Each structure stands twice: as structure tokens, then as C-alpha cells.
>>> print(open('input32.cif').read())   # mmCIF, C-alpha atoms
data_target
loop_
_atom_site.label_atom_id
_atom_site.label_comp_id
_atom_site.auth_asym_id
_atom_site.auth_seq_id
_atom_site.Cartn_x
_atom_site.Cartn_y
_atom_site.Cartn_z
CA MET A 1 76.60 107.22 163.60
CA GLU A 2 78.59 106.77 160.42
CA HIS A 3 76.68 107.45 157.26
CA ARG A 4 76.93 104.75 154.60
CA THR A 5 75.91 105.07 151.00
CA PRO A 6 73.47 102.31 149.99
CA PRO A 7 75.20 99.82 147.71
CA GLU A 8 72.56 100.17 145.02
CA PHE A 9 72.93 103.92 144.89
CA GLY A 10 76.68 103.69 144.83
CA ARG A 11 76.64 101.38 141.85
CA GLY A 12 74.10 103.54 140.07
CA ALA A 13 76.14 106.69 140.61
CA ASP A 14 79.32 105.04 139.45
CA ALA A 15 77.55 103.75 136.36
CA ALA A 16 76.15 107.19 135.62
CA LEU A 17 79.52 108.89 136.01
CA ALA A 18 81.52 106.25 134.19
CA PRO A 19 82.04 106.84 130.47
CA GLU A 20 80.31 104.49 128.06
CA PRO A 21 82.51 101.65 126.85
CA ARG A 22 84.17 102.59 123.60
CA GLN A 23 83.79 100.31 120.61
CA PRO A 24 86.93 99.47 118.63
CA ALA A 25 87.59 101.73 115.66
CA LYS A 26 87.33 98.77 113.28
CA TRP A 27 83.82 98.03 114.62
CA HIS A 28 82.71 101.58 113.78
CA LEU A 29 84.24 101.30 110.32
CA HIS A 30 82.44 97.99 109.74
CA ARG A 31 79.13 99.50 110.87
CA ARG A 32 79.54 102.51 108.60
CA LEU A 33 80.26 100.22 105.65
CA TYR A 34 77.20 98.14 106.53
CA ASN A 35 74.97 101.23 106.54
CA TRP A 36 76.55 102.48 103.34
CA VAL A 37 75.80 99.16 101.64
CA LEU A 38 72.18 99.21 102.83
CA HIS A 39 71.52 102.74 101.58
CA TRP A 40 71.89 101.57 97.96
CA ALA A 41 68.60 99.68 98.30
CA GLU A 42 66.85 103.06 98.44
CA THR A 43 68.42 104.35 95.21
CA PRO A 44 67.74 103.60 91.52
CA HIS A 45 71.21 102.01 91.33
CA GLY A 46 70.54 99.19 93.78
CA ALA A 47 70.94 96.38 91.22
CA VAL A 48 74.25 97.75 89.92
CA ALA A 49 75.48 98.24 93.50
CA LEU A 50 74.53 94.64 94.30
CA PHE A 51 76.57 93.31 91.36
CA LEU A 52 79.61 95.42 92.28
CA LEU A 53 79.32 94.56 95.98
CA ALA A 54 79.14 90.83 95.20
CA PHE A 55 82.19 91.19 92.96
CA ALA A 56 84.23 93.08 95.56
CA GLU A 57 83.25 90.88 98.51
CA SER A 58 84.68 87.81 96.81
CA SER A 59 88.22 89.16 96.97
CA PHE A 60 88.56 91.99 99.50
CA PHE A 61 85.38 93.78 100.70
CA PRO A 62 84.20 92.85 104.24
CA ILE A 63 80.40 93.23 103.94
CA PRO A 64 78.59 90.21 102.42
CA PRO A 65 76.22 90.96 99.51
CA ASP A 66 73.38 89.15 101.31
CA VAL A 67 72.75 92.40 103.22
CA LEU A 68 71.81 94.33 100.09
CA LEU A 69 70.21 91.31 98.40
CA ILE A 70 67.75 90.94 101.30
CA ALA A 71 66.79 94.63 101.18
CA LEU A 72 66.32 94.63 97.40
CA VAL A 73 64.26 91.44 97.33
CA LEU A 74 61.94 92.71 100.06
CA GLY A 75 61.51 95.96 98.12
CA ALA A 76 60.66 94.22 94.83
CA ARG A 77 59.88 90.55 95.38
CA ARG A 78 58.90 90.02 91.75
CA ARG A 79 62.53 90.69 90.81
CA SER A 80 63.91 88.23 93.36
CA TRP A 81 65.43 85.86 90.80
CA TRP A 82 67.01 88.71 88.84
CA PHE A 83 68.68 90.05 91.97
CA ALA A 84 69.89 86.57 92.93
CA THR A 85 71.28 86.07 89.41
CA LEU A 86 73.12 89.41 89.48
CA CYS A 87 74.53 88.61 92.90
CA THR A 88 75.70 85.17 91.81
CA ILE A 89 77.38 86.33 88.59
CA GLY A 90 79.07 89.26 90.33
CA SER A 91 80.33 87.04 93.12
CA VAL A 92 81.72 84.36 90.78
CA LEU A 93 83.48 86.96 88.62
CA GLY A 94 84.87 88.51 91.80
CA GLY A 95 86.01 85.08 92.88
CA ILE A 96 87.91 84.69 89.60
CA ALA A 97 89.49 88.09 90.28
CA GLY A 98 90.51 86.80 93.72
CA TYR A 99 91.92 83.70 92.02
CA GLY A 100 94.00 86.01 89.80
CA ILE A 101 95.30 87.84 92.87
CA GLY A 102 96.46 84.57 94.39
CA LEU A 103 97.94 83.36 91.13
CA GLY A 104 99.97 86.41 90.10
CA LEU A 105 99.68 89.18 92.70
CA MET A 106 100.13 87.37 95.99
CA ASP A 107 102.93 89.59 97.28
CA ALA A 108 101.41 92.85 96.03
CA LEU A 109 97.76 92.29 96.99
CA GLY A 110 97.15 88.80 98.36
CA TRP A 111 99.16 89.00 101.55
CA PRO A 112 97.96 92.55 102.42
CA ILE A 113 94.36 91.28 102.18
CA ILE A 114 95.16 88.22 104.31
CA ARG A 115 96.88 90.40 106.92
CA PHE A 116 93.98 92.88 106.95
CA TYR A 117 91.64 90.09 108.02
CA HIS A 118 94.22 88.66 110.48
CA ALA A 119 94.09 85.35 108.61
CA GLU A 120 97.84 84.59 108.56
CA ASN A 121 97.53 81.64 110.93
CA TYR A 122 94.39 80.52 109.13
CA TRP A 123 96.34 80.34 105.86
CA ALA A 124 98.28 77.22 106.88
CA ARG A 125 95.01 75.54 107.82
CA VAL A 126 93.55 76.52 104.44
CA ASN A 127 96.44 74.76 102.73
CA GLU A 128 95.66 71.57 104.66
CA LEU A 129 91.98 71.83 103.77
CA TYR A 130 92.80 72.16 100.06
CA VAL A 131 94.96 69.05 100.15
CA LYS A 132 92.28 67.08 101.98
CA TYR A 133 89.01 68.31 100.43
CA ASP A 134 89.98 69.96 97.12
CA TYR A 135 86.84 71.34 95.40
CA TRP A 136 84.61 70.54 98.37
CA ILE A 137 86.23 73.20 100.51
CA VAL A 138 85.69 75.82 97.80
CA PHE A 139 82.01 74.87 97.66
CA MET A 140 81.67 75.12 101.44
CA ALA A 141 83.41 78.50 101.44
CA ALA A 142 81.13 79.70 98.64
CA PHE A 143 77.95 78.62 100.41
CA THR A 144 78.63 79.00 104.13
CA PRO A 145 79.99 81.77 106.42
CA ILE A 146 83.56 80.50 105.81
CA PRO A 147 85.45 83.56 104.44
CA TYR A 148 85.10 82.99 100.70
CA LYS A 149 87.62 85.70 99.80
CA VAL A 150 90.42 83.82 101.57
CA PHE A 151 89.63 80.73 99.52
CA THR A 152 89.39 82.55 96.19
CA ILE A 153 92.89 83.94 96.73
CA ALA A 154 94.12 80.57 97.99
CA SER A 155 92.72 78.81 94.91
CA GLY A 156 94.98 80.88 92.70
CA ALA A 157 97.97 80.62 95.02
CA PHE A 158 97.63 76.82 95.17
CA HIS A 159 97.05 76.58 91.39
CA MET A 160 93.64 74.95 91.51
CA ASN A 161 92.16 74.32 88.06
CA VAL A 162 90.46 77.62 87.21
CA LEU A 163 87.53 76.07 85.33
CA GLY A 164 86.80 73.69 88.19
CA PHE A 165 87.08 76.59 90.64
CA ALA A 166 84.62 78.68 88.61
CA VAL A 167 82.07 75.85 88.33
CA VAL A 168 82.18 75.01 92.03
CA SER A 169 81.94 78.70 92.93
CA LEU A 170 78.95 79.11 90.63
CA VAL A 171 77.14 76.21 92.29
CA GLY A 172 77.98 77.30 95.83
CA ARG A 173 77.31 81.00 95.43
CA GLY A 174 74.20 80.40 93.34
CA ALA A 175 72.78 78.00 95.93
CA ARG A 176 73.38 80.54 98.68
CA PHE A 177 71.89 83.61 97.00
CA PHE A 178 68.94 81.82 95.40
CA LEU A 179 68.13 80.23 98.75
CA VAL A 180 67.95 83.71 100.31
CA ALA A 181 65.78 84.99 97.45
CA LEU A 182 63.52 81.92 97.61
CA LEU A 183 62.89 82.22 101.34
CA LEU A 184 62.16 85.94 101.10
CA TYR A 185 59.96 85.55 98.02
CA TYR A 186 57.65 83.08 99.73
CA PHE A 187 57.80 84.19 103.36
CA GLY A 188 58.59 87.91 103.16
CA PRO A 189 59.64 90.19 106.05
CA PRO A 190 59.25 87.59 108.86
CA MET A 191 61.84 85.44 107.12
CA ARG A 192 64.23 88.40 107.03
CA ARG A 193 64.59 88.31 110.80
CA ILE A 194 65.24 84.57 110.75
CA ILE A 195 67.83 84.86 107.97
CA GLU A 196 69.68 87.74 109.63
CA LYS A 197 69.78 85.93 112.97
CA HIS A 198 70.30 82.29 111.96
CA PHE A 199 71.49 82.20 108.33
CA ASP A 200 75.02 81.11 109.20
CA TRP A 201 73.69 78.08 111.06
CA LEU A 202 71.19 77.28 108.30
CA CYS A 203 74.04 77.20 105.79
CA ILE A 204 76.13 74.91 107.96
CA VAL A 205 73.20 72.53 108.50
CA PHE A 206 72.54 72.45 104.75
CA VAL A 207 76.15 71.49 103.98
CA VAL A 208 76.15 68.81 106.70
CA LEU A 209 72.96 67.33 105.26
CA LEU A 210 74.34 67.52 101.72
CA ILE A 211 77.56 65.71 102.65
CA GLY A 212 75.57 63.21 104.69
CA GLY A 213 73.44 62.52 101.63
CA PHE A 214 76.51 61.73 99.54
CA VAL A 215 77.80 59.40 102.28
CA VAL A 216 74.47 57.55 102.34
CA ILE A 217 74.49 57.20 98.54
CA LYS A 218 78.08 55.91 98.67
CA TYR A 219 77.20 53.15 101.17
CA LEU A 220 73.91 52.24 99.49
CA PHE A 221 75.37 51.92 95.99
#
>>> encode(input="input32.cif", output="C-alpha cells")
Amino acid sequence: MEHRTPPEFGRGADAALAPEPRQPAKWHLHRRLYNWVLHWAETPHGAVALFLLAFAESSFFPIPPDVLLIALVLGARRRSWWFATLCTIGSVLGGIAGYGIGLGLMDALGWPIIRFYHAENYWARVNELYVKYDYWIVFMAAFTPIPYKVFTIASGAFHMNVLGFAVVSLVGRGARFFLVALLLYYFGPPMRRIIEKHFDWLCIVFVVLLIGGFVVIKYLF
């Protein structure tokens, strides 16, 4: 009688012998950067690191400052508003730096950053969005998961009014970071899990409601 290996055992043996799937190198780099950002919350330089991270993320750095902001606020909730203020100011100043890259250093720095994030095809779409929505698209990029750094560079490249850009960025970034601080201040660690899992969707819903509110006001008045 021919001996047959049970299907379950065969699959188990194959799975045991097969090497674990390898993650892309860029994924490992991103994870290391994420952990590096988080470690600053355990040092005396967390506030300074938050400001610098927010500045860098607005033009080239891949890890959003919300990661460190959440950790710092949970560690010292009485300083929530200070951390949110630092994060906002750093991000807006970084956005102005990104604007400068787009305005005068597009070939030297702007395009390498765009290529690094594989956003070349996205760039043409960004141009269309600027023509159609103007300052609204900068606000949405500042507040939502839309890649803000692409839009800071684009604002300079497309010669958007720098004062208008700065004001809209201040409103959008401030709303985002103070919302995070507010939720954590009042609801603490349980809210952290909700923010980390659903924050992107919460931002999108907020913008939809905000725009819907303006539409209602327009038709009512």
C-alpha cells in the first residue's frame, strides 16, 4: 500500500522549512526611523526633537510628527498645548522651507525629493488641484494624510502667494496637532489606540464636514 503524507502535515512541514517572507529594505528603513523618532520621547530633548521633526517632515522627512507628539502628550498631559504649539510652528516653518525649495531649488532638491517618494505621476495631478482649489488644497494637505511635503514644494514651484500659503498652513497644521493634543488630554491612552488606527479617516471626515458646512452656508445665505 502506498504511503501518503497527510495534506495538513505536508503544508505544515513546507511552512516550517520555507524561509520567512522578507520585507522590502525601504520598509525596514521606515520602521527604524519610526523607532528612532519615538525614542526621543524618553529623553530630556523630546520637545526640541518634536520641533525639528515637524520642521523636517514638512519638506523631506517621511515620519509624521504626530508619532512623537502623541508620546510626549501622554507622558506630560499638562504640557499638551505647548507640545502642539511647538509642533505647529515647526511644521509651518518647515513648510516655508519646502516652499523655498520649490521656488528656487526645484532642480537641485525638489525633484530628488519628489522622485524619492515616487510622486512624479502625482505631480501633474497636484498641478490640476492647485488650479482648481487653490488655497483649499493646501489646507487639506496640511490637515489630512495627503502628503503635505509635496504640496509645500509645489506651492513654491507654482508661485503661490507665500503669505497666503503660510496662513493656510498655520490653520491646517494647527487644527491637526491641537486636535491630537485635545483628544489625548481629555481621553488619555485609550484615545491613542483610536488615533493611531483611525486618525487618517477622522481627518478626512472632518474636512468633508467642514466643506459641507461652507456649502450649506453658501446656499442658505
>>> atom_distance(input="input32.cif", atom1="atom CA of Leu52 of chain A", atom2="atom CA of Gly90 of chain A")
6.5 Å
>>> atom_distance(input="input32.cif", atom1="atom CA of Ser155 of chain A", atom2="atom CA of Ser59 of chain A")
11.5 Å
>>> closest_residue(input="input32.cif", among="A:Met106, A:Val126, A:Val73, A:Leu93", to="Ala141 of chain A", atoms="all atoms listed in the file")
A:Val126
>>> atom_distance(input="input32.cif", atom1="atom CA of Phe151 of chain A", atom2="atom CA of Glu128 of chain A")
12.1 Å
>>> resolve_selection(input="input32.cif", expression="the PyMOL selection byres ((chain A and resi 185) around 9)", output="PyMOL selection string")
chain A and resi 73-74+77-78+80+180-184+186-188
>>> closest_residue(input="input32.cif", among="A:Ala119, A:Ala108, A:Leu163, A:Ala97", to="Tyr135 of chain A", atoms="only C-alpha atoms")
A:Leu163
>>> closest_residue(input="input32.cif", among="A:Ile63, A:Val167, A:Ile146, A:Ala56", to="Ser91 of chain A", atoms="all atoms listed in the file")
A:Ala56
>>> residues_around(input="input32.cif", residues="Gly164 of chain A", least_positions_apart="2", cutoff="12 Å", atoms="all atoms listed in the file", output="number ranges by chain")
A: 96, 99, 134-136, 138-139, 155-156, 159-162, 166-171
>>> closest_residue(input="input32.cif", among="A:Asp66, A:Asp107, A:Glu57, A:Glu42", to="Val92 of chain A", atoms="only C-alpha atoms")
A:Glu57
>>> closest_residue(input="input32.cif", among="A:Pro44, A:Gly102, A:Gly110, A:Gly94", to="Gly75 of chain A", atoms="only C-alpha atoms")
A:Pro44
>>> resolve_selection(input="input32.cif", expression="the PyMOL selection byres ((chain A and resi 177) around 9)", output="PyMOL selection string")
chain A and resi 65-66+69+83-85+87-88+143+172-176+178-182
>>> closest_residue(input="input32.cif", among="A:Ala157, A:Phe55, A:Pro190, A:Thr144", to="Leu105 of chain A", atoms="all atoms listed in the file")
A:Ala157
